[in-house]
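Visitor: Okay, so here is data12.cif, and as you'll see once you scroll down, it has mmCIF, C-alpha atoms.
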data_data
#
loop_
_atom_site.label_atom_id
_atom_site.label_comp_id
_atom_site.auth_asym_id
_atom_site.auth_seq_id
_atom_site.Cartn_x
_atom_site.Cartn_y
_atom_site.Cartn_z
CA THR A 381 -28.13 -12.91 42.91
CA ALA A 382 -30.20 -9.87 43.94
CA THR A 383 -28.96 -8.56 47.30
CA TYR A 384 -31.04 -5.94 49.10
CA ASP A 385 -29.24 -2.78 50.24
CA LYS A 386 -31.48 -1.20 52.89
CA LYS A 387 -29.44 2.02 52.95
CA SER A 388 -30.21 2.88 49.34
CA LYS A 389 -33.38 0.77 49.14
CA GLU A 390 -32.02 -0.96 46.05
CA PHE A 391 -31.25 -4.48 44.89
CA VAL A 392 -27.70 -5.16 43.71
CA ILE A 393 -27.67 -7.67 40.83
CA ASN A 394 -24.60 -9.86 40.36
CA THR A 395 -23.56 -12.77 38.17
CA PRO A 396 -20.82 -14.68 40.05
CA ASP A 397 -19.03 -16.00 36.94
CA PHE A 398 -19.53 -16.69 33.24
CA GLU A 399 -20.92 -20.17 33.94
CA ALA A 400 -23.84 -18.41 35.65
CA ALA A 401 -24.58 -16.24 32.58
CA LYS A 402 -28.09 -16.52 31.21
CA CYS A 403 -27.97 -17.58 27.56
CA TRP A 404 -30.44 -17.83 24.68
CA ILE A 405 -32.81 -15.03 25.72
CA GLY A 406 -34.90 -14.06 22.68
CA ASN A 407 -34.33 -10.53 21.31
CA LEU A 408 -31.65 -9.83 23.91
CA GLY A 409 -28.56 -9.82 21.67
CA ARG A 410 -29.35 -6.56 19.90
CA THR A 411 -32.88 -5.39 20.65
CA ALA A 412 -34.37 -5.75 24.14
CA SER A 413 -34.26 -2.82 26.54
CA THR A 414 -36.18 -4.39 29.44
CA ILE A 415 -36.09 -7.93 30.78
CA LEU A 416 -37.78 -10.13 33.37
CA LEU A 417 -34.94 -11.39 35.55
CA PHE A 418 -35.09 -14.37 37.90
CA ALA A 419 -32.47 -14.12 40.64
CA ASN A 420 -31.87 -15.50 44.13
CA LEU A 421 -33.16 -12.82 46.52
CA ILE A 422 -30.74 -12.19 49.39
CA THR A 423 -31.77 -9.92 52.27
CA SER A 424 -29.41 -7.62 54.17
CA ASP A 425 -28.76 -10.31 56.80
CA GLY A 426 -27.31 -12.59 54.10
CA GLU A 427 -30.22 -15.05 54.01
CA CYS A 428 -31.18 -16.39 50.58
CA HIS A 429 -34.93 -16.63 49.92
CA GLY A 430 -34.77 -18.37 46.54
CA LEU A 431 -35.66 -17.26 43.04
CA HIS A 432 -37.80 -14.15 42.56
CA GLY A 433 -38.76 -12.07 39.55
CA PHE A 434 -37.46 -8.56 38.86
CA VAL A 435 -38.15 -6.06 36.09
CA VAL A 436 -34.76 -4.76 34.91
CA SER A 437 -33.93 -2.06 32.36
CA ILE A 438 -30.69 -3.08 30.63
CA ARG A 439 -30.22 -0.61 27.77
CA ASP A 440 -30.46 3.14 27.31
CA ARG A 441 -33.52 3.57 25.12
CA LYS A 442 -32.02 6.53 23.26
CA THR A 443 -28.51 5.23 22.53
CA HIS A 444 -29.49 1.55 22.75
CA ARG A 445 -26.23 0.78 24.52
CA PRO A 446 -26.10 -1.44 27.63
CA TYR A 447 -25.90 0.31 30.99
CA LYS A 448 -22.69 0.16 32.99
CA GLY A 449 -22.64 -3.09 34.93
CA VAL A 450 -24.54 -5.00 32.24
CA ILE A 451 -22.66 -7.23 29.79
CA ILE A 452 -24.67 -8.38 26.76
CA GLY A 453 -23.66 -10.43 23.74
CA ASP A 454 -25.29 -12.07 20.73
CA ILE A 455 -25.30 -15.88 20.64
CA GLY A 456 -24.52 -15.94 16.91
CA GLU A 457 -26.01 -17.67 13.90
CA LYS A 458 -28.22 -20.69 14.51
CA ILE A 459 -29.53 -23.51 12.32
CA GLY A 460 -32.93 -21.82 12.28
CA LEU A 461 -34.90 -18.84 13.61
CA ASN A 462 -32.15 -16.38 12.76
CA GLY A 463 -34.65 -13.54 12.81
CA ILE A 464 -34.52 -13.77 16.61
CA ASP A 465 -31.32 -12.28 18.07
CA ASN A 466 -30.77 -14.65 20.98
CA GLY A 467 -28.22 -13.35 23.45
CA PHE A 468 -26.46 -13.83 26.79
CA ILE A 469 -26.26 -11.49 29.78
CA LEU A 470 -24.19 -10.97 32.95
CA PHE A 471 -24.42 -8.37 35.74
CA ASN A 472 -21.67 -6.70 37.75
CA ASN A 473 -23.00 -4.83 40.82
CA PHE A 474 -25.90 -3.47 38.81
CA ARG A 475 -28.41 -1.60 40.97
CA ILE A 476 -32.17 -1.48 40.50
CA PRO A 477 -34.88 0.21 42.61
CA LYS A 478 -36.61 -1.85 45.29
CA GLU A 479 -39.91 -1.32 43.46
CA ASN A 480 -38.63 -3.45 40.56
CA LEU A 481 -39.20 -6.62 42.57
CA LEU A 482 -42.35 -8.44 41.42
CA ASN A 483 -43.66 -8.78 44.94
CA ARG A 484 -47.03 -10.52 44.71
CA THR A 485 -45.65 -13.76 46.15
CA GLY A 486 -42.82 -12.36 48.27
CA ASP A 487 -41.58 -8.91 49.29
CA VAL A 488 -38.88 -7.09 51.27
CA ASN A 489 -39.85 -4.13 53.46
CA ASP A 490 -37.76 -0.97 53.71
CA GLU A 491 -35.84 -2.40 56.67
CA GLY A 492 -34.84 -5.47 54.69
CA VAL A 493 -37.20 -7.97 56.33
CA TYR A 494 -38.58 -10.62 53.98
CA GLU A 495 -42.36 -11.11 53.87
CA SER A 496 -44.53 -13.63 52.02
CA VAL A 497 -48.12 -14.88 51.95
CA PHE A 498 -46.72 -18.42 51.63
CA SER A 499 -45.27 -20.48 54.44
CA GLU A 500 -43.55 -22.94 52.08
CA PRO A 501 -40.66 -21.61 49.93
CA SER A 502 -41.48 -24.10 47.15
CA LYS A 503 -44.91 -22.49 46.70
CA ILE A 504 -43.32 -19.06 46.31
CA LEU A 505 -41.12 -20.27 43.48
CA GLY A 506 -43.95 -22.27 41.92
CA ALA A 507 -46.26 -19.26 41.85
CA ALA A 508 -43.55 -17.01 40.40
CA LEU A 509 -42.52 -19.47 37.70
CA GLU A 510 -46.05 -20.44 36.68
CA SER A 511 -46.09 -17.50 34.26
CA LEU A 512 -43.65 -19.54 32.15
CA SER A 513 -46.53 -21.89 31.30
CA ALA A 514 -47.86 -19.26 28.91
CA GLY A 515 -44.71 -19.59 26.80
CA ARG A 516 -45.04 -23.37 26.74
CA ILE A 517 -48.65 -23.15 25.62
CA GLY A 518 -47.49 -20.78 22.88
CA ILE A 519 -44.99 -23.40 21.72
CA MET A 520 -47.75 -26.01 21.71
CA HIS A 521 -49.91 -23.77 19.49
CA GLU A 522 -46.93 -23.28 17.20
CA SER A 523 -46.29 -27.03 17.08
CA ALA A 524 -49.93 -27.80 16.29
CA ASN A 525 -49.77 -25.36 13.38
CA THR A 526 -46.44 -26.76 12.19
CA ILE A 527 -47.54 -30.40 12.19
CA SER A 528 -50.68 -29.37 10.30
CA HIS A 529 -48.55 -27.52 7.76
CA ALA A 530 -46.16 -30.44 7.26
CA VAL A 531 -48.77 -33.19 6.88
CA VAL A 532 -50.89 -31.11 4.48
CA ILE A 533 -47.83 -30.70 2.22
CA ALA A 534 -47.16 -34.46 2.36
CA VAL A 535 -50.79 -35.50 1.80
CA ARG A 536 -51.24 -33.12 -1.14
CA TYR A 537 -48.04 -34.37 -2.68
CA ALA A 538 -49.14 -38.00 -2.21
CA ALA A 539 -52.44 -37.26 -3.94
CA ILE A 540 -50.78 -36.03 -7.17
CA ARG A 541 -47.59 -38.13 -7.16
CA LYS A 542 -48.20 -41.27 -9.22
CA GLN A 543 -46.06 -44.39 -9.20
CA PHE A 544 -46.68 -47.84 -10.71
CA GLY A 545 -50.08 -49.52 -11.05
CA PRO A 546 -51.82 -52.88 -11.54
CA ASP A 547 -51.62 -52.73 -15.35
CA ARG A 548 -48.19 -52.33 -16.88
CA ASN A 549 -49.61 -50.34 -19.77
CA GLY A 550 -52.40 -48.65 -17.79
CA PRO A 551 -52.58 -45.53 -15.63
CA GLU A 552 -50.32 -45.25 -12.61
CA THR A 553 -51.65 -45.05 -9.05
CA SER A 554 -51.35 -42.06 -6.74
CA ILE A 555 -49.06 -43.03 -3.86
CA ILE A 556 -51.73 -41.94 -1.37
CA GLU A 557 -53.63 -45.11 -2.37
CA TYR A 558 -50.86 -47.39 -1.12
CA PRO A 559 -51.49 -48.74 2.42
CA LEU A 560 -47.82 -48.45 3.35
CA HIS A 561 -47.82 -44.75 2.47
CA GLN A 562 -51.05 -44.22 4.41
CA LEU A 563 -49.50 -45.94 7.41
CA ARG A 564 -46.61 -43.49 7.28
CA ILE A 565 -48.46 -40.18 7.10
CA PHE A 566 -52.10 -40.69 8.17
CA PRO A 567 -51.27 -41.21 11.88
CA TYR A 568 -49.60 -37.78 11.89
CA LEU A 569 -52.62 -36.30 10.10
CA ALA A 570 -54.77 -37.70 12.90
CA ALA A 571 -52.29 -36.40 15.48
CA ALA A 572 -52.54 -32.90 14.00
CA CYS A 573 -56.32 -32.94 14.59
CA VAL A 574 -55.96 -34.19 18.17
CA LEU A 575 -53.19 -31.74 19.06
CA LYS A 576 -55.15 -28.79 17.67
CA VAL A 577 -58.16 -29.61 19.83
CA THR A 578 -56.03 -30.32 22.90
CA VAL A 579 -54.04 -27.09 22.90
CA HIS A 580 -57.22 -25.01 22.61
CA ALA A 581 -58.78 -26.88 25.54
CA LEU A 582 -55.65 -26.45 27.65
CA SER A 583 -55.38 -22.76 26.73
CA ASP A 584 -58.96 -22.11 27.84
CA ILE A 585 -58.34 -23.72 31.23
CA TYR A 586 -55.05 -21.87 31.69
CA LEU A 587 -56.53 -18.47 30.85
CA LYS A 588 -59.51 -19.01 33.15
CA THR A 589 -57.14 -20.02 35.95
CA VAL A 590 -54.98 -16.92 35.46
CA GLU A 591 -58.08 -14.72 35.34
CA LYS A 592 -59.36 -16.23 38.58
CA SER A 593 -56.01 -15.85 40.33
CA GLN A 594 -55.81 -12.19 39.31
CA ALA A 595 -59.30 -11.57 40.65
CA GLU A 596 -58.46 -12.88 44.12
CA SER A 597 -56.01 -11.16 46.44
CA ASN A 598 -54.78 -14.51 47.68
CA GLY A 599 -55.44 -16.34 44.45
CA PHE A 600 -52.27 -18.36 44.22
CA GLU A 601 -52.83 -20.00 47.61
CA VAL A 602 -56.45 -20.82 46.78
CA LEU A 603 -55.59 -22.19 43.33
CA THR A 604 -52.49 -24.16 44.31
CA GLN A 605 -53.98 -27.52 43.32
CA THR A 606 -55.16 -26.32 39.91
CA VAL A 607 -51.88 -24.54 39.21
CA SER A 608 -49.90 -27.66 40.12
CA GLU A 609 -52.04 -29.85 37.89
CA LEU A 610 -51.82 -27.36 35.02
CA HIS A 611 -48.05 -27.20 35.37
CA ALA A 612 -47.78 -31.00 35.17
CA LEU A 613 -50.11 -31.27 32.17
CA ILE A 614 -48.45 -28.42 30.29
CA SER A 615 -44.97 -29.78 31.02
CA ALA A 616 -45.89 -33.26 29.77
CA SER A 617 -47.90 -31.94 26.82
CA LYS A 618 -45.19 -29.56 25.64
CA ALA A 619 -42.89 -32.59 25.28
CA LEU A 620 -45.55 -34.65 23.48
CA PHE A 621 -46.45 -31.82 21.06
CA THR A 622 -42.91 -30.89 20.11
CA TRP A 623 -41.58 -34.45 19.79
CA THR A 624 -44.61 -35.58 17.76
CA THR A 625 -44.28 -32.59 15.44
CA ARG A 626 -40.53 -33.15 15.07
CA ASP A 627 -41.14 -36.75 13.98
CA ALA A 628 -44.05 -35.76 11.73
CA ILE A 629 -41.93 -33.22 9.84
CA GLN A 630 -39.25 -35.84 9.19
CA GLU A 631 -41.82 -38.39 7.97
CA ALA A 632 -43.46 -35.76 5.78
CA ARG A 633 -40.08 -34.95 4.24
CA GLU A 634 -39.43 -38.62 3.47
CA CYS A 635 -42.97 -39.15 2.16
CA CYS A 636 -42.28 -36.45 -0.43
CA GLY A 637 -39.13 -38.22 -1.59
CA GLY A 638 -36.48 -36.06 -3.23
CA HIS A 639 -38.96 -33.24 -3.74
CA GLY A 640 -39.33 -32.99 0.02
CA TYR A 641 -35.63 -32.16 0.22
CA LEU A 642 -36.08 -29.14 -2.02
CA LYS A 643 -36.09 -25.79 -0.27
CA ALA A 644 -39.21 -24.97 -2.28
CA SER A 645 -41.15 -27.66 -0.41
CA ASN A 646 -40.73 -25.60 2.80
CA ILE A 647 -40.38 -28.79 4.86
CA GLY A 648 -36.71 -28.08 5.55
CA GLU A 649 -37.58 -24.64 6.90
CA LEU A 650 -40.28 -26.14 9.08
CA ARG A 651 -37.81 -28.69 10.43
CA ASN A 652 -35.06 -26.19 11.24
CA ASN A 653 -37.38 -23.68 12.85
CA HIS A 654 -39.25 -26.29 14.87
CA ASP A 655 -36.18 -28.14 16.09
CA ALA A 656 -35.42 -25.68 18.89
CA THR A 657 -38.84 -26.13 20.50
CA VAL A 658 -37.82 -29.42 22.12
CA THR A 659 -35.20 -27.44 24.06
CA TYR A 660 -36.36 -23.91 24.76
CA GLU A 661 -38.91 -22.96 27.43
CA GLY A 662 -37.81 -26.12 29.22
CA ASP A 663 -35.95 -29.17 27.86
CA ASN A 664 -38.52 -31.88 27.20
CA ASN A 665 -36.84 -34.50 29.36
CA VAL A 666 -36.52 -32.12 32.31
CA LEU A 667 -40.16 -31.03 31.99
CA GLY A 668 -41.15 -34.68 32.05
CA GLN A 669 -39.43 -35.11 35.39
CA GLN A 670 -41.48 -32.23 36.83
CA ALA A 671 -44.67 -33.88 35.58
CA SER A 672 -43.69 -37.29 36.99
CA ASN A 673 -43.02 -35.74 40.42
CA TRP A 674 -46.59 -34.42 40.47
CA LEU A 675 -48.00 -37.76 39.32
CA LEU A 676 -46.13 -39.68 42.03
CA LYS A 677 -47.47 -37.25 44.63
CA GLN A 678 -51.01 -38.03 43.47
CA TRP A 679 -50.27 -41.75 43.68
CA ASN A 680 -48.65 -41.73 47.10
CA GLU A 681 -50.78 -39.05 48.78
CA THR A 682 -54.32 -37.71 48.40
CA VAL A 683 -55.42 -37.20 44.78
CA GLU A 684 -55.73 -33.45 44.10
CA SER A 685 -57.02 -33.12 40.54
CA PRO A 686 -59.50 -30.22 40.11
CA MET A 687 -59.21 -30.69 36.32
CA ASP A 688 -60.03 -34.43 36.67
CA SER A 689 -56.97 -35.41 34.63
CA VAL A 690 -55.98 -38.18 37.06
CA GLU A 691 -59.22 -38.84 38.93
CA PHE A 692 -58.91 -42.43 37.71
CA ILE A 693 -56.18 -43.01 40.33
CA LYS A 694 -58.97 -43.17 42.91
CA ARG A 695 -60.20 -46.27 41.03
CA ARG A 696 -56.81 -47.95 40.96
CA ASN A 697 -58.13 -51.15 42.50
CA GLN A 698 -61.05 -51.48 40.07
CA ILE A 699 -59.23 -50.59 36.83
CA PRO A 700 -57.62 -54.05 36.23
CA LYS A 701 -61.05 -55.67 36.62
CA ASN A 702 -62.72 -53.50 34.00
CA PHE A 703 -61.23 -55.25 30.98
CA SER A 704 -63.26 -58.00 29.34
CA LYS A 705 -63.30 -59.88 26.05
CA HIS A 706 -66.60 -58.22 25.12
CA GLN A 707 -65.27 -54.63 25.03
CA ASN A 708 -65.14 -52.81 21.72
CA VAL A 709 -61.38 -52.41 21.30
CA LYS A 710 -61.92 -49.61 18.78
CA SER A 711 -63.94 -47.47 21.19
CA PHE A 712 -62.67 -44.37 22.95
CA ASP A 713 -63.56 -45.86 26.31
CA PHE A 714 -61.47 -48.97 25.75
CA VAL A 715 -58.45 -46.95 24.60
CA LEU A 716 -58.74 -44.57 27.56
CA GLY A 717 -59.12 -47.55 29.87
CA CYS A 718 -55.87 -48.96 28.51
CA TYR A 719 -54.11 -45.68 29.28
CA GLU A 720 -55.52 -45.64 32.81
CA TRP A 721 -54.27 -49.18 33.40
CA LEU A 722 -50.86 -48.32 31.91
CA MET A 723 -50.41 -45.23 34.07
CA CYS A 724 -51.45 -47.07 37.24
CA TYR A 725 -48.96 -49.81 36.38
CA LEU A 726 -46.15 -47.33 35.71
CA LEU A 727 -46.98 -45.31 38.82
CA GLU A 728 -46.87 -48.41 40.99
CA ILE A 729 -43.55 -49.76 39.70
CA THR A 730 -41.96 -46.28 39.67
CA SER A 731 -43.08 -45.59 43.24
CA ASN A 732 -41.87 -49.03 44.36
CA GLN A 733 -38.48 -48.49 42.72
CA ILE A 734 -38.01 -45.15 44.48
CA THR A 735 -39.03 -46.65 47.84
CA THR A 736 -36.65 -49.58 47.40
CA SER A 737 -33.82 -47.30 46.31
CA LYS A 738 -34.25 -45.10 49.39
CA ALA A 739 -34.38 -48.18 51.63
CA ASN A 740 -31.03 -49.20 50.16
CA GLY A 741 -29.45 -45.89 51.15
CA ALA A 742 -30.07 -43.62 48.14
CA ASP A 743 -31.08 -40.01 48.79
CA ASN A 744 -34.26 -38.55 47.28
CA PHE A 745 -32.39 -36.96 44.36
CA LYS A 746 -30.72 -40.21 43.26
CA ALA A 747 -33.80 -42.34 43.87
CA LYS A 748 -35.98 -40.17 41.64
CA ASN A 749 -33.23 -39.73 39.06
CA ASP A 750 -32.75 -43.48 38.69
CA SER A 751 -36.49 -43.97 38.11
CA GLN A 752 -36.68 -41.77 35.03
CA ALA A 753 -35.40 -44.13 32.33
CA PHE A 754 -38.05 -46.55 31.04
CA LYS A 755 -40.54 -45.68 33.78
CA ALA A 756 -41.22 -42.06 34.77
CA LYS A 757 -40.41 -40.66 31.31
CA THR A 758 -42.84 -43.11 29.70
CA LEU A 759 -45.37 -42.30 32.39
CA THR A 760 -45.43 -38.58 31.63
CA LEU A 761 -45.86 -39.13 27.89
CA ALA A 762 -48.74 -41.50 28.68
CA LEU A 763 -50.33 -38.73 30.78
CA ALA A 764 -50.04 -36.24 27.90
CA GLU A 765 -51.49 -38.70 25.37
CA TYR A 766 -54.31 -39.63 27.76
CA TYR A 767 -55.22 -35.98 28.34
CA ALA A 768 -55.10 -35.29 24.58
CA LEU A 769 -57.45 -38.19 23.83
CA CYS A 770 -59.82 -37.13 26.64
CA SER A 771 -59.91 -33.60 25.19
CA PHE A 772 -60.58 -34.90 21.69
CA LYS A 773 -63.30 -37.28 22.91
CA LYS A 774 -65.01 -34.41 24.72
CA LYS A 775 -64.88 -32.27 21.59
CA THR A 776 -66.39 -34.98 19.38
CA GLU A 777 -69.25 -35.44 21.85
CA GLU A 778 -70.25 -31.77 21.75
CA ALA A 779 -73.33 -30.65 19.82
CA PRO A 780 -72.64 -30.60 16.03
CA GLU A 781 -73.02 -26.83 15.82
CA GLU A 782 -70.26 -26.43 18.43
CA VAL A 783 -67.74 -28.70 16.69
#
Go ahead and express the file in the form of structure tokens.
Guide:
Amino acid sequence: TATYDKKSKEFVINTPDFEAAKCWIGNLGRTASTILLFANLITSDGECHGLHGFVVSIRDRKTHRPYKGVIIGDIGEKIGLNGIDNGFILFNNFRIPKENLLNRTGDVNDEGVYESVFSEPSKILGAALESLSAGRIGIMHESANTISHAVVIAVRYAAIRKQFGPDRNGPETSIIEYPLHQLRIFPYLAAACVLKVTVHALSDIYLKTVEKSQAESNGFEVLTQTVSELHALISASKALFTWTTRDAIQEARECCGGHGYLKASNIGELRNNHDATVTYEGDNNVLGQQASNWLLKQWNETVESPMDSVEFIKRRNQIPKNFSKHQNVKSFDFVLGCYEWLMCYLLEITSNQITTSKANGADNFKAKNDSQAFKAKTLTLALAEYYALCSFKKKTEEAPEEV
């Protein structure tokens, strides 16, 4: 909590108990001197205005020891990424100046009165937290590089590793020539290409959106629709990227046989260092729920998709009629059409389940929670795959000199 003291014009930061400690912050255990803190802002009258961002200095930069009222500890050794000293932190009546509040979306005047350009509290939090998308995009870049690294190791190994052949006394065949081996690793090689293109496309849109919001005094309000769509796409895509890369690393390890288990192969290091990405900057399953909430809103209300990622929902009644026996099933358009049909189907049955659950007495929390397994989770991964394929299709259709 960050409680405003109008007498001293300071915020008093408190952690109520150890269960409320923030854990796993990168570089906090031994190194960081300044942090970005998210805390519930409480005004002098005791009213809570939700999460807000604060810049907080936690260590003396000369002695490097924590200030009084700040408790910091190192998480300890991990199964990977030990070069990052992840830590935990708690506060005990720690005071910071009023100016340390990041007040673009919400502020407190000297008298302790809360002010905001937004009328809806959810928009305040959404605008403040949207900066976290940059970290998720960073993870997606890292994952795209990691999957590329892993599959290149496996493909190169398969090209030189020989085993058996048609003639007992003749030359042996490289295992890359075997269809079963191709079926194991080539899909991940293709995925690496698609993910690389997708993350660059998503990064460009994100950076342009941030630039535009910074250029406008009321940018967040104007760009609400784009920011919401970006948040959903990045949340769903972060899960797709990290899970796909996780599975690709494991397949690459197995495709290299015993040699893949050697430390010298580097696949083990890739696996250990990548493993945490499915959890940090947002657990993949939780991020999927955020994406599915946005998708259901588009289905049940007016479609707001400035990026055109779900414009197909407007054609929901025509989509089932578009399939015919004469379509080229290997074409991009047919594959994308399949995804559009699938998402409309999943959106309809998920929305119907939530409606039925509420009609039977369930609250909104339980109704949405019960829809996640087999429906909403699958839906969000379908969205991420659909967007990735759309991005790749667009890239392949560009002029040759631009590809």
Visitor: Please work out which residues fall within 12 Å of (-33.0, 5.7, 50.6), coordinates as given in the file, with only C-alpha atoms counting, and return them as a list in words.
Guide: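 Residues with an atom close enough to that point: Tyr384, Asp385, Lys386, Lys387, Ser388, Lys389, Glu390, Phe391, Pro477, Lys478, Asp490 and Glu491 of chain A.
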Visitor: I'd like to know which of A:Arg695, A:Arg439, A:Arg475, A:Lys618 is closest to Ile517 of chain A, using all atoms listed in the file.
Guide: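 The answer is A:Lys618, which sits nearest to Ile517 of chain A.
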Visitor: Starting from the PyMOL selection byres ((chain A and resi 422-425) around 9), expand the selection into actual residues of this file and give them as JSON, numbers by chain.
Guide: {"A": [381, 382, 383, 384, 385, 386, 391, 420, 421, 426, 427, 428, 429, 430, 488, 491, 492, 493, 494]}
Visitor: Using all atoms listed in the file, which of A:Val658, A:Ile555, A:Arg445, A:Asn394 sits nearest Met520 of chain A?
Guide: A:Val658
Visitor: Can you translate the PyMOL selection byres ((chain A and resi 586) around 12) into the concrete residues it hits in this file, as a ChimeraX atom specification?
Guide: /A:510-518,579-585,587-593,603,606-611,613-614,687
Visitor: Atom CA of Tyr719 of chain A to atom CA of Ala612 of chain A: how many Å, to one decimal?
Guide: 17.0 Å
Visitor: Which neighbours of Gly640 of chain A fall inside 10 Å, counting all atoms listed in the file, when residues of the same chain fewer than 4 positions from it are skipped, and could you give them as a list in words?
Guide: Ile533, Ala534, Tyr537, Gln630, Glu631, Ala632, Arg633, Glu634, Cys635, Cys636, Ala644, Ser645, Asn646, Ile647 and Gly648 of chain A
Visitor: Which residue out of A:Ile734, A:Ala401, A:Ala538, A:Ile415 has the minimum interatomic distance to Gly453 of chain A when all atoms listed in the file are used?
Guide: A:Ala401
Visitor: Translate the PyMOL selection byres ((chain A and resi 451) around 8), as applied to the file shown, into an explicit residue set as an mmCIF file with C-alpha atoms, keeping the file's coordinate frame.
Guide:
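selection.cif, freshly written:
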data_model
loop_
_atom_site.group_PDB
_atom_site.id
_atom_site.type_symbol
_atom_site.label_atom_id
_atom_site.label_comp_id
_atom_site.auth_asym_id
_atom_site.auth_seq_id
_atom_site.Cartn_x
_atom_site.Cartn_y
_atom_site.Cartn_z
ATOM 1 C CA PRO A 446 -26.100 -1.440 27.630
ATOM 2 C CA GLY A 449 -22.640 -3.090 34.930
ATOM 3 C CA VAL A 450 -24.540 -5.000 32.240
ATOM 4 C CA ILE A 452 -24.670 -8.380 26.760
ATOM 5 C CA GLY A 453 -23.660 -10.430 23.740
ATOM 6 C CA ILE A 469 -26.260 -11.490 29.780
ATOM 7 C CA LEU A 470 -24.190 -10.970 32.950
ATOM 8 C CA PHE A 471 -24.420 -8.370 35.740
#
